[in-house]
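Containing PDB, C-alpha atoms: structure-v4.pdb.
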ATOM      1  CA  MET Y   1     -16.008  23.828  17.839
ATOM      2  CA  ASN Y   2     -13.587  21.293  19.332
ATOM      3  CA  THR Y   3     -11.321  22.317  22.172
ATOM      4  CA  LEU Y   4      -7.552  22.193  21.802
ATOM      5  CA  ASN Y   5      -6.393  18.626  21.324
ATOM      6  CA  ARG Y   6      -2.729  17.752  21.896
ATOM      7  CA  GLU Y   7      -2.960  14.179  20.694
ATOM      8  CA  THR Y   8      -0.559  13.184  17.939
ATOM      9  CA  GLU Y   9      -3.390  11.858  15.768
ATOM     10  CA  GLU Y  10      -6.950  12.868  15.025
ATOM     11  CA  LYS Y  11      -9.484  10.440  13.575
ATOM     12  CA  LEU Y  12     -11.414  11.990  10.712
ATOM     13  CA  THR Y  13     -15.003  10.745  10.822
ATOM     14  CA  SER Y  14     -18.008  11.670   8.722
ATOM     15  CA  GLU Y  15     -19.570  13.238  11.832
ATOM     16  CA  THR Y  16     -16.492  15.433  12.308
ATOM     17  CA  LEU Y  17     -16.675  16.611   8.703
ATOM     18  CA  GLU Y  18     -20.378  17.414   8.942
ATOM     19  CA  THR Y  19     -19.941  19.438  12.142
ATOM     20  CA  PHE Y  20     -17.021  21.267  10.515
ATOM     21  CA  LEU Y  21     -19.166  22.126   7.485
ATOM     22  CA  ALA Y  22     -21.986  23.233   9.782
ATOM     23  CA  HIS Y  23     -19.481  25.446  11.599
ATOM     24  CA  LEU Y  24     -18.462  27.030   8.268
ATOM     25  CA  SER Y  25     -22.103  27.545   7.354
ATOM     26  CA  GLY Y  26     -22.618  29.311  10.665
ATOM     27  CA  GLN Y  27     -19.774  31.642   9.764
ATOM     28  CA  GLY Y  28     -21.667  32.719   6.658
ATOM     29  CA  ARG Y  29     -19.932  30.642   3.971
ATOM     30  CA  SER Y  30     -21.936  30.434   0.734
ATOM     31  CA  GLN Y  31     -23.412  27.180  -0.564
ATOM     32  CA  VAL Y  32     -20.967  27.223  -3.479
ATOM     33  CA  SER Y  33     -18.065  27.544  -1.041
ATOM     34  CA  LEU Y  34     -19.448  24.762   1.157
ATOM     35  CA  GLN Y  35     -19.789  22.464  -1.856
ATOM     36  CA  GLU Y  36     -16.149  23.073  -2.755
ATOM     37  CA  TYR Y  37     -15.134  22.367   0.860
ATOM     38  CA  ARG Y  38     -17.119  19.123   0.765
ATOM     39  CA  ARG Y  39     -15.497  17.997  -2.501
ATOM     40  CA  THR Y  40     -12.040  18.761  -1.166
ATOM     41  CA  LEU Y  41     -12.670  16.972   2.133
ATOM     42  CA  LYS Y  42     -14.033  13.953   0.279
ATOM     43  CA  MET Y  43     -10.825  13.847  -1.756
ATOM     44  CA  LEU Y  44      -8.766  14.129   1.434
ATOM     45  CA  CYS Y  45     -10.638  11.195   2.979
ATOM     46  CA  SER Y  46     -10.032   9.053  -0.114
ATOM     47  CA  CYS Y  47      -6.291   9.691   0.261
ATOM     48  CA  LEU Y  48      -6.204   8.583   3.881
ATOM     49  CA  SER Y  49      -5.691   4.891   4.423
ATOM     50  CA  GLY Y  50      -6.889   2.656   7.221
ATOM     51  CA  GLU Y  51      -8.740   4.422  10.017
ATOM     52  CA  LYS Y  52      -8.594   7.882   8.378
ATOM     53  CA  ARG Y  53      -6.271   9.351  10.973
ATOM     54  CA  LEU Y  54      -4.660  12.771  10.623
ATOM     55  CA  SER Y  55      -1.314  13.773  12.060
ATOM     56  CA  ALA Y  56       1.141  16.653  11.859
ATOM     57  CA  LYS Y  57       2.646  15.071   8.729
ATOM     58  CA  SER Y  58      -0.644  14.508   6.885
ATOM     59  CA  GLY Y  59      -0.849  17.996   5.396
ATOM     60  CA  ALA Y  60       2.571  17.824   3.743
ATOM     61  CA  LYS Y  61       1.852  14.314   2.460
ATOM     62  CA  TRP Y  62      -1.450  15.421   0.989
ATOM     63  CA  LYS Y  63       0.175  18.420  -0.689
ATOM     64  CA  MET Y  64       2.748  16.091  -2.228
ATOM     65  CA  TRP Y  65      -0.037  13.783  -3.472
ATOM     66  CA  LEU Y  66      -1.877  16.724  -5.065
ATOM     67  CA  GLU Y  67       1.315  17.762  -6.851
ATOM     68  CA  GLU Y  68       1.857  14.195  -8.083
ATOM     69  CA  GLN Y  69      -1.630  14.183  -9.582
ATOM     70  CA  GLY Y  70      -0.744  17.208 -11.689
ATOM     71  CA  PHE Y  71      -3.103  19.742 -10.110
ATOM     72  CA  SER Y  72      -2.300  23.387 -10.818
ATOM     73  CA  PRO Y  73      -0.591  25.464  -8.100
ATOM     74  CA  ARG Y  74      -3.762  27.520  -7.707
ATOM     75  CA  THR Y  75      -5.888  24.401  -7.098
ATOM     76  CA  ILE Y  76      -3.340  22.965  -4.669
ATOM     77  CA  ASN Y  77      -3.256  26.219  -2.699
ATOM     78  CA  MET Y  78      -7.044  26.248  -2.449
ATOM     79  CA  ARG Y  79      -7.126  22.680  -1.146
ATOM     80  CA  ILE Y  80      -4.338  23.346   1.310
ATOM     81  CA  SER Y  81      -6.379  26.300   2.594
ATOM     82  CA  VAL Y  82      -9.238  23.886   3.254
ATOM     83  CA  TRP Y  83      -6.812  21.630   5.137
ATOM     84  CA  ASN Y  84      -5.625  24.552   7.237
ATOM     85  CA  SER Y  85      -9.199  25.539   8.093
ATOM     86  CA  LEU Y  86      -9.994  21.971   9.130
ATOM     87  CA  VAL Y  87      -7.006  21.499  11.421
ATOM     88  CA  ARG Y  88      -7.584  24.920  13.008
ATOM     89  CA  TYR Y  89     -11.145  23.824  13.751
ATOM     90  CA  LEU Y  90      -9.798  20.597  15.251
ATOM     91  CA  GLY Y  91      -7.464  22.588  17.505
ATOM     92  CA  HIS Y  92      -4.223  21.742  15.697
ATOM     93  CA  ARG Y  93      -2.928  25.062  14.422
ATOM     94  CA  ASP Y  94       0.579  23.604  14.444
ATOM     95  CA  TRP Y  95      -0.536  21.159  11.704
ATOM     96  CA  GLN Y  96      -1.194  23.919   9.197
ATOM     97  CA  VAL Y  97       0.757  23.911   5.923
ATOM     98  CA  ASP Y  98       2.394  27.264   5.203
ATOM     99  CA  ASP Y  99       4.296  26.144   2.104
ATOM    100  CA  PHE Y 100       1.952  27.506  -0.575
ATOM    101  CA  ASN Y 101       2.852  27.256  -4.256
ATOM    102  CA  CYS Y 102       3.768  30.312  -6.283
ATOM    103  CA  ILE Y 103       1.003  30.995  -8.817
ATOM    104  CA  GLN Y 104       2.370  33.984 -10.683
ATOM    105  CA  ASN Y 105       3.261  31.739 -13.649
ATOM    106  CA  ASP Y 106       0.186  29.569 -13.402
ATOM    107  CA  ILE Y 107      -1.223  30.687 -16.771
ATOM    108  CA  GLN Y 108      -0.957  27.462 -18.754
ATOM    109  CA  PRO Y 109      -1.352  27.586 -22.537
ATOM    110  CA  GLU Y 110      -3.847  25.210 -24.117
ATOM    111  CA  LEU Y 111      -2.703  22.495 -26.503
ATOM    112  CA  THR Y 112      -5.323  22.084 -29.222
ATOM    113  CA  ARG Y 113      -6.275  18.703 -30.624
ATOM    114  CA  GLN Y 114      -4.958  19.770 -34.032
ATOM    115  CA  GLU Y 115      -1.560  20.535 -32.466
ATOM    116  CA  TYR Y 116      -1.635  17.217 -30.631
ATOM    117  CA  LEU Y 117      -2.279  15.368 -33.903
ATOM    118  CA  ARG Y 118       0.530  17.349 -35.539
ATOM    119  CA  LEU Y 119       2.909  16.181 -32.809
ATOM    120  CA  LEU Y 120       1.909  12.572 -33.461
ATOM    121  CA  SER Y 121       2.184  12.906 -37.231
ATOM    122  CA  THR Y 122       5.604  14.572 -37.040
ATOM    123  CA  ALA Y 123       6.966  11.957 -34.630
ATOM    124  CA  LYS Y 124       5.881   9.197 -37.001
ATOM    125  CA  GLN Y 125       7.352  10.927 -40.031
ATOM    126  CA  LEU Y 126      10.674  11.345 -38.211
ATOM    127  CA  GLY Y 127      10.646   7.731 -37.077
ATOM    128  CA  GLN Y 128      10.592   8.733 -33.397
ATOM    129  CA  ILE Y 129       8.284   5.922 -32.362
ATOM    130  CA  LYS Y 130       9.065   6.104 -28.653
ATOM    131  CA  VAL Y 131       8.190   9.811 -28.500
ATOM    132  CA  TYR Y 132       5.125   9.155 -30.662
ATOM    133  CA  LEU Y 133       3.877   6.546 -28.188
ATOM    134  CA  LEU Y 134       4.654   8.765 -25.203
ATOM    135  CA  VAL Y 135       2.618  11.643 -26.650
ATOM    136  CA  LYS Y 136      -0.219   9.301 -27.607
ATOM    137  CA  THR Y 137      -0.287   7.637 -24.179
ATOM    138  CA  LEU Y 138      -0.255  10.898 -22.218
ATOM    139  CA  GLY Y 139      -2.643  12.825 -24.457
ATOM    140  CA  GLY Y 140      -4.910  10.109 -25.779
ATOM    141  CA  VAL Y 141      -5.375   7.798 -22.806
ATOM    142  CA  GLY Y 142      -5.105  10.058 -19.770
ATOM    143  CA  LEU Y 143      -2.056   8.497 -18.164
ATOM    144  CA  ARG Y 144      -0.292  10.994 -15.905
ATOM    145  CA  ILE Y 145       3.457  11.465 -16.133
ATOM    146  CA  GLN Y 146       4.069   9.991 -12.661
ATOM    147  CA  GLU Y 147       2.017   6.933 -13.616
ATOM    148  CA  LEU Y 148       4.156   5.957 -16.632
ATOM    149  CA  PRO Y 149       6.273   3.438 -14.650
ATOM    150  CA  GLN Y 150       3.043   1.540 -13.891
ATOM    151  CA  LEU Y 151       2.478   0.981 -17.608
ATOM    152  CA  THR Y 152       4.328  -2.326 -17.715
ATOM    153  CA  ALA Y 153       4.754  -4.977 -20.378
ATOM    154  CA  GLU Y 154       2.322  -7.206 -18.484
ATOM    155  CA  ALA Y 155      -0.286  -4.430 -18.334
ATOM    156  CA  VAL Y 156      -0.047  -3.893 -22.095
ATOM    157  CA  ARG Y 157      -0.497  -7.607 -22.756
ATOM    158  CA  GLN Y 158      -3.577  -7.589 -20.489
ATOM    159  CA  GLY Y 159      -4.963  -4.482 -22.167
ATOM    160  CA  SER Y 160      -5.401  -2.513 -18.936
ATOM    161  CA  VAL Y 161      -3.244  -0.926 -16.279
ATOM    162  CA  ARG Y 162      -4.065  -0.707 -12.577
ATOM    163  CA  LEU Y 163      -2.883   2.683 -11.370
ATOM    164  CA  GLU Y 164      -2.163   3.282  -7.687
ATOM    165  CA  SER Y 165      -1.206   6.535  -5.986
ATOM    166  CA  GLN Y 166       2.110   6.655  -4.156
ATOM    167  CA  ASN Y 167       0.515   5.902  -0.783
ATOM    168  CA  GLY Y 168      -1.868   3.317  -2.250
ATOM    169  CA  ALA Y 169      -4.893   5.271  -1.080
ATOM    170  CA  SER Y 170      -6.503   5.693  -4.498
ATOM    171  CA  ILE Y 171      -6.736   3.200  -7.352
ATOM    172  CA  ARG Y 172      -8.075   3.490 -10.883
ATOM    173  CA  VAL Y 173      -8.010   1.073 -13.792
ATOM    174  CA  LEU Y 174      -7.205   2.409 -17.244
ATOM    175  CA  HIS Y 175      -8.176   0.372 -20.303
ATOM    176  CA  LEU Y 176      -5.865   0.701 -23.277
ATOM    177  CA  PRO Y 177      -7.549   1.345 -26.652
ATOM    178  CA  ALA Y 178      -6.989  -1.516 -29.103
ATOM    179  CA  VAL Y 179      -5.000   0.629 -31.540
ATOM    180  CA  LEU Y 180      -2.592   1.914 -28.892
ATOM    181  CA  ARG Y 181      -2.229  -1.532 -27.343
ATOM    182  CA  ARG Y 182      -1.264  -2.986 -30.722
ATOM    183  CA  GLU Y 183       1.298  -0.228 -31.295
ATOM    184  CA  LEU Y 184       2.753  -0.721 -27.805
ATOM    185  CA  LEU Y 185       3.039  -4.477 -28.358
ATOM    186  CA  GLU Y 186       4.875  -3.888 -31.642
ATOM    187  CA  TYR Y 187       7.201  -1.429 -29.907
ATOM    188  CA  MET Y 188       7.866  -3.882 -27.064
ATOM    189  CA  SER Y 189       8.626  -6.663 -29.516
ATOM    190  CA  ARG Y 190      11.008  -4.467 -31.504
ATOM    191  CA  GLU Y 191      12.799  -3.238 -28.359
ATOM    192  CA  GLY Y 192      12.858  -6.625 -26.629
ATOM    193  CA  ILE Y 193      10.782  -5.425 -23.671
ATOM    194  CA  THR Y 194       9.185  -8.409 -21.949
ATOM    195  CA  GLU Y 195       8.747  -7.146 -18.391
ATOM    196  CA  GLY Y 196       8.843  -3.997 -16.310
ATOM    197  CA  PRO Y 197       7.977  -0.465 -17.457
ATOM    198  CA  VAL Y 198       7.482   0.029 -21.174
ATOM    199  CA  PHE Y 199       9.081   3.467 -21.302
ATOM    200  CA  VAL Y 200      12.649   3.451 -19.987
ATOM    201  CA  THR Y 201      15.853   5.408 -20.562
ATOM    202  CA  SER Y 202      18.895   4.013 -22.345
ATOM    203  CA  GLY Y 203      20.142   2.998 -18.894
ATOM    204  CA  GLY Y 204      17.019   0.965 -18.234
ATOM    205  CA  LYS Y 205      15.447   3.291 -15.674
ATOM    206  CA  PRO Y 206      11.798   4.434 -15.978
ATOM    207  CA  VAL Y 207      11.538   7.764 -17.787
ATOM    208  CA  ASP Y 208      10.741  10.771 -15.610
ATOM    209  CA  ARG Y 209       9.195  14.189 -16.168
ATOM    210  CA  SER Y 210      12.532  15.651 -17.274
ATOM    211  CA  ASN Y 211      13.178  12.941 -19.893
ATOM    212  CA  VAL Y 212       9.680  13.125 -21.329
ATOM    213  CA  GLY Y 213       9.514  16.916 -21.274
ATOM    214  CA  HIS Y 214      12.808  17.246 -23.154
ATOM    215  CA  SER Y 215      11.736  14.744 -25.833
ATOM    216  CA  ILE Y 216       8.371  16.404 -26.449
ATOM    217  CA  ARG Y 217       9.830  19.912 -26.540
ATOM    218  CA  LYS Y 218      12.384  18.792 -29.100
ATOM    219  CA  LEU Y 219       9.614  17.242 -31.201
ATOM    220  CA  SER Y 220       7.524  20.416 -30.974
ATOM    221  CA  ARG Y 221      10.094  22.407 -32.950
ATOM    222  CA  ASP Y 222       9.736  20.111 -35.957
ATOM    223  CA  ALA Y 223       5.952  19.961 -35.521
ATOM    224  CA  LYS Y 224       5.703  23.788 -35.425
ATOM    225  CA  VAL Y 225       3.984  23.676 -32.022
ATOM    226  CA  ALA Y 226       4.850  26.261 -29.371
ATOM    227  CA  GLU Y 227       7.315  24.774 -26.877
ATOM    228  CA  GLU Y 228       5.334  26.033 -23.881
ATOM    229  CA  LYS Y 229       2.488  23.748 -25.004
ATOM    230  CA  ALA Y 230       4.701  20.693 -25.459
ATOM    231  CA  ASN Y 231       4.711  19.195 -21.978
ATOM    232  CA  PRO Y 232       2.918  16.437 -20.035
ATOM    233  CA  ARG Y 233       0.680  18.882 -18.181
ATOM    234  CA  CYS Y 234      -0.726  20.395 -21.392
ATOM    235  CA  LEU Y 235      -1.299  16.895 -22.787
ATOM    236  CA  TRP Y 236      -3.221  15.981 -19.607
ATOM    237  CA  LYS Y 237      -5.332  19.132 -19.802
ATOM    238  CA  MET Y 238      -6.120  18.443 -23.463
ATOM    239  CA  TYR Y 239      -7.190  14.902 -22.571
ATOM    240  CA  GLN Y 240      -9.471  16.223 -19.822
ATOM    241  CA  SER Y 241     -11.038  18.791 -22.170
ATOM    242  CA  THR Y 242     -11.638  16.108 -24.794
ATOM    243  CA  GLN Y 243     -13.322  13.826 -22.266
ATOM    244  CA  GLU Y 244     -15.506  16.648 -20.987
ATOM    245  CA  GLY Y 245     -16.609  17.413 -24.551
ATOM    246  CA  ILE Y 246     -17.465  13.752 -25.192
ATOM    247  CA  GLN Y 247     -19.430  13.478 -21.943
ATOM    248  CA  ALA Y 248     -21.335  16.667 -22.761
ATOM    249  CA  ASN Y 249     -22.267  15.284 -26.177
ATOM    250  CA  VAL Y 250     -23.383  11.996 -24.639
ATOM    251  CA  ALA Y 251     -25.542  13.875 -22.120
ATOM    252  CA  ILE Y 252     -27.191  15.793 -24.952
ATOM    253  CA  LEU Y 253     -27.878  12.580 -26.889
ATOM    254  CA  ILE Y 254     -29.426  10.966 -23.796
ATOM    255  CA  GLU Y 255     -31.636  14.003 -23.237
ATOM    256  CA  GLN Y 256     -32.746  14.015 -26.883
ATOM    257  CA  ALA Y 257     -33.489  10.276 -26.790
ATOM    258  CA  TYR Y 258     -35.543  10.734 -23.633
ATOM    259  CA  GLU Y 259     -37.528  13.564 -25.212
ATOM    260  CA  ARG Y 260     -38.288  11.383 -28.238
ATOM    261  CA  LEU Y 261     -39.369   8.596 -25.890
ATOM    262  CA  LEU Y 262     -41.778  10.959 -24.117
ATOM    263  CA  GLU Y 263     -43.196  12.123 -27.433
TER     264      GLU Y 263
END

So, in terms of structure tokens, how does the structure I just supplied come out?
Amino acid sequence: MNTLNRETEEKLTSETLETFLAHLSGQGRSQVSLQEYRRTLKMLCSCLSGEKRLSAKSGAKWKMWLEEQGFSPRTINMRISVWNSLVRYLGHRDWQVDDFNCIQNDIQPELTRQEYLRLLSTAKQLGQIKVYLLVKTLGGVGLRIQELPQLTAEAVRQGSVRLESQNGASIRVLHLPAVLRRELLEYMSREGITEGPVFVTSGGKPVDRSNVGHSIRKLSRDAKVAEEKANPRCLWKMYQSTQEGIQANVAILIEQAYERLLE
């Protein structure tokens, strides 16, 4: 284990991470626990820019990034615990994050695909095209609520949006399905949107979690969907579940094709 280090920064190298994991193994941590530590540390590294240096402010910044990505309070607390273990090992107890999230209300209801489709159908029937497109974008494409401002008119015309985290440490490219892209282009043309974010308030500012949440909850009453399910987080979870189901089906098809090939 490292001795106490009073430097203001600590470079996080692959060797440091491996010795830290070996230290945990020596303390009797299970393989499952070590795998979770490794995944969390890999995520931490991907969020650090440049020379992968840690400081007293890094923990709070990482916690903020995790919250922006929409992780549940329970998941954030677990990953902050990993951070605290790491900085203790590095001799920086004063870098620990003590601001854990409350998880007593962390039981999140599941939005079913049928309810999601009912939200879309109701929004269309009521002529609420903006809300319809918001629900479809969040639940059908996997765009997170904090990423909506990055869905610009230019991105829609290109058919893909380059999504960057707040600190620029992680980047992913999201391709817009042809049907949604066509609907967004029609909406932009009707609203006279030629540049900047597609979804904005009447004052021209990008919509935020409060704006979107209010609109979807209001729609849910007409769609006969429980209000506690009508929020961006439930739409994101439904999207993730759908993708996992598709990937599982693809894996089964690949396995079956391989078995037929062997036969």

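The coordinates place CA of Ala230 (chain Y) at 27.1 Å from CA of Arg79 (chain Y).
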
### Query
Do you know which residues are at most 9 Å from Val212 (chain Y) counting only C-alpha atoms, after dropping those on the same chain fewer than 6 positions away, and could you put them as a ChimeraX atom specification?
/Y:131,134-135,145,231-232

### Task
Translate the PyMOL selection byres ((chain Y and resi 195-199) around 10), as applied to the file shown, into an explicit residue set as an MDAnalysis selection string.
chainID Y and resid 130:131 133:134 148:156 184:185 187:188 191:194 200:202 204:208 212

### Query
What residues come out when you apply the PyMOL selection byres ((chain Y and resi 177) around 10) to this file, written as a ChimeraX atom specification?
/Y:137,140-141,159-160,174-176,178-182

Could the residues in this selection be saved with C-alpha atoms as a JSON list (two decimals), keeping the file's coordinate frame?
[["chain", "number", "residue", "atom", "x", "y", "z"],
["Y", 137, "THR", "CA", -0.29, 7.64, -24.18],
["Y", 140, "GLY", "CA", -4.91, 10.11, -25.78],
["Y", 141, "VAL", "CA", -5.38, 7.80, -22.81],
["Y", 159, "GLY", "CA", -4.96, -4.48, -22.17],
["Y", 160, "SER", "CA", -5.40, -2.51, -18.94],
["Y", 174, "LEU", "CA", -7.20, 2.41, -17.24],
["Y", 175, "HIS", "CA", -8.18, 0.37, -20.30],
["Y", 176, "LEU", "CA", -5.86, 0.70, -23.28],
["Y", 178, "ALA", "CA", -6.99, -1.52, -29.10],
["Y", 179, "VAL", "CA", -5.00, 0.63, -31.54],
["Y", 180, "LEU", "CA", -2.59, 1.91, -28.89],
["Y", 181, "ARG", "CA", -2.23, -1.53, -27.34],
["Y", 182, "ARG", "CA", -1.26, -2.99, -30.72]]

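The shell of residues at most 10 Å from Leu21 (chain Y), with all atoms listed in the file counted and near chain neighbours (fewer than 5 positions) removed, consists of Glu15, Thr16, Gly26, Gln27, Arg29, Leu34, Gln35, Tyr37, Arg38, Leu41 and Leu86 of chain Y.
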
Please, could you write that set of residues out with C-alpha atoms as a short mmCIF file (atom, residue, chain, number, x, y, z; two decimals), in the coordinates of the input?
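Generated output (part_2.cif):
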data_model
loop_
_atom_site.label_atom_id
_atom_site.label_comp_id
_atom_site.auth_asym_id
_atom_site.auth_seq_id
_atom_site.Cartn_x
_atom_site.Cartn_y
_atom_site.Cartn_z
CA GLU Y 15 -19.57 13.24 11.83
CA THR Y 16 -16.49 15.43 12.31
CA GLY Y 26 -22.62 29.31 10.66
CA GLN Y 27 -19.77 31.64 9.76
CA ARG Y 29 -19.93 30.64 3.97
CA LEU Y 34 -19.45 24.76 1.16
CA GLN Y 35 -19.79 22.46 -1.86
CA TYR Y 37 -15.13 22.37 0.86
CA ARG Y 38 -17.12 19.12 0.76
CA LEU Y 41 -12.67 16.97 2.13
CA LEU Y 86 -9.99 21.97 9.13
#

Translate the PyMOL selection byres ((chain Y and resi 95) around 8), as applied to the file shown, into an explicit residue set as a PDB file with C-alpha atoms, in the frame of the given file.
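Generated file (selection.pdb):
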ATOM      1  CA  SER Y  55      -1.314  13.773  12.060  1.00  0.00           C
ATOM      2  CA  ALA Y  56       1.141  16.653  11.859  1.00  0.00           C
ATOM      3  CA  LYS Y  57       2.646  15.071   8.729  1.00  0.00           C
ATOM      4  CA  GLY Y  59      -0.849  17.996   5.396  1.00  0.00           C
ATOM      5  CA  ASN Y  84      -5.625  24.552   7.237  1.00  0.00           C
ATOM      6  CA  VAL Y  87      -7.006  21.499  11.421  1.00  0.00           C
ATOM      7  CA  HIS Y  92      -4.223  21.742  15.697  1.00  0.00           C
ATOM      8  CA  ARG Y  93      -2.928  25.062  14.422  1.00  0.00           C
ATOM      9  CA  ASP Y  94       0.579  23.604  14.444  1.00  0.00           C
ATOM     10  CA  GLN Y  96      -1.194  23.919   9.197  1.00  0.00           C
ATOM     11  CA  VAL Y  97       0.757  23.911   5.923  1.00  0.00           C
TER      12      VAL Y  97
END

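If you measure from each of Y:Leu261, Y:Leu117, Y:Leu111, Y:Ala123 to Glu228 (chain Y) using all atoms listed in the file, the closest one turns out to be Y:Leu111.
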
#### Entry: Pairwise distance for CA of Ala257 (chain Y) and CA of Arg113 (chain Y), rounded to one decimal in Å
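Distance reported for this atom pair: 28.7 Å.
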
### Task
Figure out the distance between CA of Pro109 (chain Y) and CA of Ala226 (chain Y), please, to one decimal in Å.
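Atom-to-atom, CA of Ala226 (chain Y) and CA of Pro109 (chain Y) are spaced 9.3 Å apart.
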
So for region 11-20 of chain Y, what box centre and size do we get, axis-aligned, 5 Å extra on each of the six sides, every listed atom, Å to one decimal, as AutoDock Vina command-line options?
--center_x -14.9 --center_y 15.9 --center_z 11.1 --size_x 20.9 --size_y 20.8 --size_z 14.9
